[in-house]
>>> print(open('my_file37.cif').read())   # mmCIF, C-alpha atoms
data_model
loop_
_atom_site.group_PDB
_atom_site.id
_atom_site.type_symbol
_atom_site.label_atom_id
_atom_site.label_comp_id
_atom_site.auth_asym_id
_atom_site.auth_seq_id
_atom_site.Cartn_x
_atom_site.Cartn_y
_atom_site.Cartn_z
ATOM 1 C CA MET A 1333 119.811 111.529 125.373
ATOM 2 C CA THR A 1334 117.699 109.100 127.410
ATOM 3 C CA ASP A 1335 115.507 106.328 125.976
ATOM 4 C CA LEU A 1336 112.372 108.329 126.804
ATOM 5 C CA GLN A 1337 113.757 111.367 124.969
ATOM 6 C CA HIS A 1338 114.546 109.207 121.945
ATOM 7 C CA LEU A 1339 110.985 107.817 122.107
ATOM 8 C CA SER A 1340 109.460 111.308 122.306
ATOM 9 C CA ARG A 1341 111.584 112.508 119.386
ATOM 10 C CA TYR A 1342 110.486 109.505 117.283
ATOM 11 C CA GLU A 1343 106.823 110.194 118.044
ATOM 12 C CA ASN A 1344 107.160 113.863 117.055
ATOM 13 C CA ASP A 1345 108.975 112.963 113.823
ATOM 14 C CA HIS A 1346 106.190 110.532 112.903
ATOM 15 C CA HIS A 1347 103.315 112.900 113.750
ATOM 16 C CA LEU A 1348 102.015 110.914 116.724
ATOM 17 C CA LYS A 1349 100.274 112.713 119.563
ATOM 18 C CA ASP A 1350 101.682 112.641 123.113
ATOM 19 C CA GLY A 1351 101.295 109.137 124.530
ATOM 20 C CA GLU A 1352 99.887 107.747 121.271
ATOM 21 C CA VAL A 1353 101.035 104.319 120.090
ATOM 22 C CA SER A 1354 101.364 103.071 116.533
ATOM 23 C CA THR A 1355 100.409 99.669 115.159
ATOM 24 C CA GLY A 1356 103.444 99.339 112.886
ATOM 25 C CA THR A 1357 102.161 96.103 111.501
ATOM 26 C CA THR A 1358 101.488 93.490 108.854
ATOM 27 C CA ILE A 1359 97.882 93.018 107.738
ATOM 28 C CA LEU A 1360 96.467 91.223 104.705
ATOM 29 C CA ALA A 1361 93.221 89.894 103.249
ATOM 30 C CA LEU A 1362 92.957 87.113 100.646
ATOM 31 C CA PRO A 1363 89.662 86.235 98.924
ATOM 32 C CA CYS A 1364 89.175 82.489 98.547
ATOM 33 C CA LYS A 1365 86.524 80.044 97.361
ATOM 34 C CA GLY A 1366 83.304 81.004 99.109
ATOM 35 C CA GLY A 1367 84.751 83.749 101.306
ATOM 36 C CA VAL A 1368 87.839 85.635 102.406
ATOM 37 C CA VAL A 1369 90.717 85.185 104.870
ATOM 38 C CA VAL A 1370 92.003 88.135 106.932
ATOM 39 C CA CYS A 1371 95.312 87.955 108.785
ATOM 40 C CA ALA A 1372 97.441 90.133 111.075
ATOM 41 C CA ASP A 1373 100.390 90.038 113.429
ATOM 42 C CA SER A 1374 99.980 91.252 117.028
ATOM 43 C CA ARG A 1375 102.755 93.778 117.765
ATOM 44 C CA THR A 1376 101.846 97.327 118.821
ATOM 45 C CA SER A 1377 104.885 99.591 119.087
ATOM 46 C CA THR A 1378 105.858 103.064 120.221
ATOM 47 C CA GLY A 1379 109.024 103.801 118.287
ATOM 48 C CA THR A 1380 111.400 100.936 119.145
ATOM 49 C CA TYR A 1381 109.434 100.014 122.276
ATOM 50 C CA VAL A 1382 106.876 97.196 122.009
ATOM 51 C CA ALA A 1383 103.837 98.482 123.898
ATOM 52 C CA ASN A 1384 101.754 95.325 123.393
ATOM 53 C CA ARG A 1385 102.963 92.070 121.897
ATOM 54 C CA VAL A 1386 99.579 90.299 121.677
ATOM 55 C CA SER A 1387 97.145 93.003 120.485
ATOM 56 C CA ASP A 1388 94.220 91.991 118.270
ATOM 57 C CA LYS A 1389 94.243 93.953 115.009
ATOM 58 C CA LEU A 1390 91.301 92.048 113.498
ATOM 59 C CA VAL A 1391 88.082 93.781 114.563
ATOM 60 C CA GLN A 1392 84.601 92.485 113.819
ATOM 61 C CA LEU A 1393 82.365 95.139 112.237
ATOM 62 C CA SER A 1394 79.376 92.849 111.641
ATOM 63 C CA GLU A 1395 78.685 89.124 111.605
ATOM 64 C CA TYR A 1396 80.400 88.633 108.225
ATOM 65 C CA ILE A 1397 82.728 91.666 107.988
ATOM 66 C CA TYR A 1398 86.083 92.345 109.642
ATOM 67 C CA CYS A 1399 88.535 95.245 109.646
ATOM 68 C CA CYS A 1400 92.344 94.937 109.740
ATOM 69 C CA ARG A 1401 93.889 97.935 111.546
ATOM 70 C CA SER A 1402 97.179 99.745 110.879
ATOM 71 C CA GLY A 1403 98.377 103.217 111.858
ATOM 72 C CA SER A 1404 97.548 104.880 115.171
ATOM 73 C CA ALA A 1405 96.035 102.353 117.570
ATOM 74 C CA ALA A 1406 93.749 104.968 119.144
ATOM 75 C CA ASP A 1407 92.483 106.278 115.784
ATOM 76 C CA THR A 1408 91.744 102.836 114.335
ATOM 77 C CA GLN A 1409 90.009 101.665 117.521
ATOM 78 C CA ALA A 1410 87.757 104.734 117.462
ATOM 79 C CA LEU A 1411 86.980 104.276 113.758
ATOM 80 C CA THR A 1412 86.042 100.600 114.119
ATOM 81 C CA ASP A 1413 83.811 101.426 117.106
ATOM 82 C CA TYR A 1414 81.956 104.042 115.036
ATOM 83 C CA VAL A 1415 81.538 101.756 112.010
ATOM 84 C CA HIS A 1416 80.419 98.832 114.191
ATOM 85 C CA TYR A 1417 77.774 101.059 115.800
ATOM 86 C CA PHE A 1418 76.497 102.467 112.477
ATOM 87 C CA LEU A 1419 76.306 99.014 110.856
ATOM 88 C CA ASN A 1420 74.345 97.652 113.815
ATOM 89 C CA GLN A 1421 71.901 100.555 113.494
ATOM 90 C CA TRP A 1422 71.592 99.933 109.750
ATOM 91 C CA SER A 1423 70.857 96.234 110.312
ATOM 92 C CA LEU A 1424 68.189 96.999 112.921
ATOM 93 C CA GLU A 1425 66.462 99.496 110.636
ATOM 94 C CA THR A 1426 66.571 97.400 107.440
ATOM 95 C CA GLY A 1427 66.477 93.858 108.820
ATOM 96 C CA ARG A 1428 69.364 92.897 106.532
ATOM 97 C CA GLU A 1429 73.073 92.251 106.931
ATOM 98 C CA PRO A 1430 75.245 95.071 105.485
ATOM 99 C CA THR A 1431 77.422 94.432 102.454
ATOM 100 C CA VAL A 1432 81.205 94.703 102.594
ATOM 101 C CA LYS A 1433 80.961 97.633 100.172
ATOM 102 C CA THR A 1434 78.673 99.510 102.582
ATOM 103 C CA ALA A 1435 81.101 98.993 105.483
ATOM 104 C CA ALA A 1436 84.118 99.984 103.382
ATOM 105 C CA HIS A 1437 82.551 103.211 102.102
ATOM 106 C CA LEU A 1438 81.373 104.152 105.580
ATOM 107 C CA MET A 1439 84.946 103.702 106.822
ATOM 108 C CA ARG A 1440 86.247 105.676 103.827
ATOM 109 C CA ARG A 1441 83.911 108.560 104.581
ATOM 110 C CA LEU A 1442 85.017 108.773 108.225
ATOM 111 C CA ILE A 1443 88.715 108.669 107.307
ATOM 112 C CA TYR A 1444 88.426 111.143 104.413
ATOM 113 C CA GLN A 1445 86.410 113.698 106.372
ATOM 114 C CA ASN A 1446 88.984 113.587 109.192
ATOM 115 C CA LYS A 1447 92.113 112.943 107.123
ATOM 116 C CA ASP A 1448 94.067 115.802 108.720
ATOM 117 C CA ALA A 1449 93.436 114.488 112.237
ATOM 118 C CA LEU A 1450 93.747 110.711 111.726
ATOM 119 C CA GLN A 1451 96.633 108.323 111.134
ATOM 120 C CA ALA A 1452 94.754 105.259 109.944
ATOM 121 C CA GLY A 1453 95.065 102.841 107.040
ATOM 122 C CA VAL A 1454 92.716 99.855 107.138
ATOM 123 C CA ILE A 1455 91.504 96.853 105.170
ATOM 124 C CA VAL A 1456 87.786 96.030 105.231
ATOM 125 C CA ALA A 1457 86.995 92.493 104.107
ATOM 126 C CA GLY A 1458 84.223 89.957 104.444
ATOM 127 C CA TRP A 1459 81.409 88.026 102.809
ATOM 128 C CA ASP A 1460 77.910 89.106 101.770
ATOM 129 C CA GLU A 1461 75.087 87.599 99.715
ATOM 130 C CA VAL A 1462 75.474 90.169 96.917
ATOM 131 C CA HIS A 1463 79.197 90.032 96.108
ATOM 132 C CA GLY A 1464 80.503 86.999 98.011
ATOM 133 C CA GLY A 1465 83.988 87.460 99.434
ATOM 134 C CA SER A 1466 85.455 90.919 98.744
ATOM 135 C CA VAL A 1467 88.326 93.102 99.946
ATOM 136 C CA TYR A 1468 88.627 96.897 100.166
ATOM 137 C CA THR A 1469 91.636 98.920 101.270
ATOM 138 C CA ILE A 1470 91.242 102.445 102.659
ATOM 139 C CA THR A 1471 94.432 104.524 102.634
ATOM 140 C CA LEU A 1472 95.618 107.251 105.002
ATOM 141 C CA GLY A 1473 94.044 109.974 102.841
ATOM 142 C CA GLY A 1474 90.669 108.256 102.567
ATOM 143 C CA SER A 1475 90.903 106.614 99.145
ATOM 144 C CA CYS A 1476 88.882 103.384 98.899
ATOM 145 C CA LEU A 1477 89.891 100.668 96.430
ATOM 146 C CA GLN A 1478 88.496 97.206 95.817
ATOM 147 C CA LEU A 1479 91.420 94.843 95.141
ATOM 148 C CA PRO A 1480 91.946 91.167 94.223
ATOM 149 C CA PHE A 1481 93.796 90.927 97.547
ATOM 150 C CA ALA A 1482 95.170 93.542 99.927
ATOM 151 C CA THR A 1483 98.161 94.064 102.198
ATOM 152 C CA GLY A 1484 98.981 96.913 104.558
ATOM 153 C CA GLY A 1485 101.288 98.134 107.280
ATOM 154 C CA SER A 1486 105.054 98.439 107.489
ATOM 155 C CA GLY A 1487 105.607 94.719 106.862
ATOM 156 C CA SER A 1488 103.636 94.589 103.622
ATOM 157 C CA ILE A 1489 106.562 95.736 101.453
ATOM 158 C CA PHE A 1490 108.427 92.521 102.304
ATOM 159 C CA ILE A 1491 105.704 90.142 101.102
ATOM 160 C CA GLN A 1492 104.123 91.786 98.053
ATOM 161 C CA GLY A 1493 106.227 89.729 95.642
ATOM 162 C CA LEU A 1494 105.512 86.505 97.540
ATOM 163 C CA LEU A 1495 101.758 87.065 97.307
ATOM 164 C CA ASP A 1496 101.954 88.120 93.643
ATOM 165 C CA SER A 1497 103.686 84.807 92.947
ATOM 166 C CA GLU A 1498 101.657 82.403 95.089
ATOM 167 C CA TYR A 1499 98.152 83.841 95.402
ATOM 168 C CA LYS A 1500 95.552 82.442 93.012
ATOM 169 C CA PRO A 1501 91.882 83.457 92.722
ATOM 170 C CA ASP A 1502 89.372 80.925 94.125
ATOM 171 C CA MET A 1503 91.965 79.248 96.345
ATOM 172 C CA ASP A 1504 90.755 76.628 98.775
ATOM 173 C CA PRO A 1505 90.088 78.309 102.172
ATOM 174 C CA ALA A 1506 92.671 76.120 103.912
ATOM 175 C CA ALA A 1507 95.305 76.961 101.276
ATOM 176 C CA ALA A 1508 94.476 80.685 101.495
ATOM 177 C CA ARG A 1509 94.833 80.607 105.294
ATOM 178 C CA ALA A 1510 98.155 78.757 105.016
ATOM 179 C CA LEU A 1511 99.447 81.320 102.483
ATOM 180 C CA ALA A 1512 98.327 84.203 104.710
ATOM 181 C CA LYS A 1513 100.215 82.721 107.667
ATOM 182 C CA LYS A 1514 103.299 82.102 105.531
ATOM 183 C CA ALA A 1515 103.330 85.666 104.182
ATOM 184 C CA CYS A 1516 102.709 87.212 107.609
ATOM 185 C CA SER A 1517 105.502 85.172 109.227
ATOM 186 C CA HIS A 1518 107.969 86.274 106.519
ATOM 187 C CA ALA A 1519 107.014 89.909 107.144
ATOM 188 C CA MET A 1520 107.377 89.452 110.902
ATOM 189 C CA CYS A 1521 110.882 88.074 110.369
ATOM 190 C CA ARG A 1522 112.031 91.051 108.272
ATOM 191 C CA ASP A 1523 110.068 93.966 109.750
ATOM 192 C CA GLY A 1524 111.010 95.230 113.188
ATOM 193 C CA SER A 1525 107.557 96.720 113.751
ATOM 194 C CA SER A 1526 105.777 93.399 113.145
ATOM 195 C CA GLY A 1527 105.867 90.417 115.475
ATOM 196 C CA GLY A 1528 104.139 88.432 118.177
ATOM 197 C CA VAL A 1529 101.512 85.897 117.106
ATOM 198 C CA ILE A 1530 99.448 85.453 113.944
ATOM 199 C CA ARG A 1531 95.673 85.747 114.016
ATOM 200 C CA THR A 1532 93.515 84.760 111.032
ATOM 201 C CA VAL A 1533 89.763 84.787 110.431
ATOM 202 C CA LEU A 1534 87.942 82.907 107.659
ATOM 203 C CA LEU A 1535 84.720 84.693 106.666
ATOM 204 C CA ASN A 1536 82.074 82.927 104.582
ATOM 205 C CA LYS A 1537 78.331 82.211 104.584
ATOM 206 C CA ASP A 1538 78.741 80.214 107.808
ATOM 207 C CA GLY A 1539 80.129 83.236 109.685
ATOM 208 C CA ALA A 1540 83.578 83.856 111.156
ATOM 209 C CA ASN A 1541 86.092 81.137 111.989
ATOM 210 C CA ARG A 1542 89.071 82.375 114.038
ATOM 211 C CA ASP A 1543 92.514 80.809 114.196
ATOM 212 C CA TYR A 1544 95.592 81.563 116.315
ATOM 213 C CA THR A 1545 99.233 80.686 115.665
ATOM 214 C CA ALA A 1546 101.674 81.140 118.556
ATOM 215 C CA GLY A 1547 105.076 82.732 118.050
ATOM 216 C CA VAL A 1548 106.837 79.378 118.487
ATOM 217 C CA ASP A 1549 104.712 77.761 115.739
ATOM 218 C CA LEU A 1550 105.262 80.267 112.919
ATOM 219 C CA PRO A 1551 105.715 78.790 109.404
ATOM 220 C CA PHE A 1552 108.908 80.859 109.009
ATOM 221 C CA GLY A 1553 111.247 82.433 111.527
ATOM 222 C CA PRO A 1554 111.578 83.917 114.047
ATOM 223 C CA SER A 1555 114.984 84.442 112.433
ATOM 224 C CA ALA A 1556 116.053 83.789 108.862
ATOM 225 C CA VAL A 1557 117.338 80.275 108.126
ATOM 226 C CA TRP A 1558 120.058 80.259 105.535
#
>>> encode(input="my_file37.cif", output="structure tokens")
Amino acid sequence: MTDLQHLSRYENDHHLKDGEVSTGTTILALPCKGGVVVCADSRTSTGTYVANRVSDKLVQLSEYIYCCRSGSAADTQALTDYVHYFLNQWSLETGREPTVKTAAHLMRRLIYQNKDALQAGVIVAGWDEVHGGSVYTITLGGSCLQLPFATGGSGSIFIQGLLDSEYKPDMDPAAARALAKKACSHAMCRDGSSGGVIRTVLLNKDGANRDYTAGVDLPFGPSAVW
């Protein structure tokens, strides 16, 4: 069996459409003092083939709200485009910035109403004047949960214990960003579907502050050190 046949068989086994790629990934969002930090790796894969090693899985939905994407790349890109459009329309009509809760429930509605056609699990996080920094996770079936912090993607199973141990509410933004990078780099080391670079965004009342960590500057890895 050729490599392309193996690839096609993998896609069929994992319910991907012809030519569709999957963001087997590590995404996370950590609330901190005055805001929230979102973080993601950059590997987009099709089976064992890395289709894009520097993709951006952190998508801006509004000035203070971001979405972390996992699942089918095409599905999550379409969903974030829809939500971005609807939130812009809402802001123009009301003259106000949307809340994170509004964005999360709009995303939940789109995923739930199309749950049989979509392969998308996302985290919606950001800052608003009503609730401050908040994090919502929307699962493949369309359930929406507000959590103290959220992880997602294939790499999340490797870092849940690390975050349970080290995450503290009201962390300093710099400490929260450092912890997010540490957790993501550990997941990238252990999970074959996660890799590339680390992107983080700090969201607070001042807006969005982006940060980039190259693959050679990861806090851990690229291979385990015994």
>>> closest_residue(input="my_file37.cif", among="A:Ser1497, A:Ser1486, A:Thr1471, A:Ser1517", to="Leu1550 (chain A)", atoms="only C-alpha atoms")
A:Ser1517
>>> resolve_selection(input="my_file37.cif", expression="the PyMOL selection byres ((chain A and resi 1528) around 9)", output="ChimeraX atom specification")
/A:1373-1375,1384-1387,1520,1526-1527,1529-1530,1546-1547
>>> residues_around(input="my_file37.cif", residues="Leu1450 (chain A)", least_positions_apart="2", cutoff="8 Å", atoms="all atoms listed in the file", output="VMD selection string")
chain A and resid 1404 1407 1443 1446 to 1448 1452 1472
>>> closest_residue(input="my_file37.cif", among="A:Gly1367, A:Pro1501, A:Gly1487, A:Gly1356", to="Ala1515 (chain A)", atoms="only C-alpha atoms")
A:Gly1487
>>> residues_near_point(input="my_file37.cif", point="(92.6, 80.3, 108.0)", cutoff="10 Å", atoms="all atoms listed in the file", output="PyMOL selection string")
chain A and resi 1368-1371+1505-1513+1531-1535+1541-1544
>>> closest_residue(input="my_file37.cif", among="A:Ser1402, A:Gln1492, A:Gln1409, A:Thr1378", to="His1518 (chain A)", atoms="only C-alpha atoms")
A:Gln1492
>>> atom_distance(input="my_file37.cif", atom1="CA of Thr1358 (chain A)", atom2="CA of Thr1380 (chain A)")
16.1 Å
>>> atom_distance(input="my_file37.cif", atom1="CA of Cys1400 (chain A)", atom2="CA of Ala1457 (chain A)")
8.1 Å
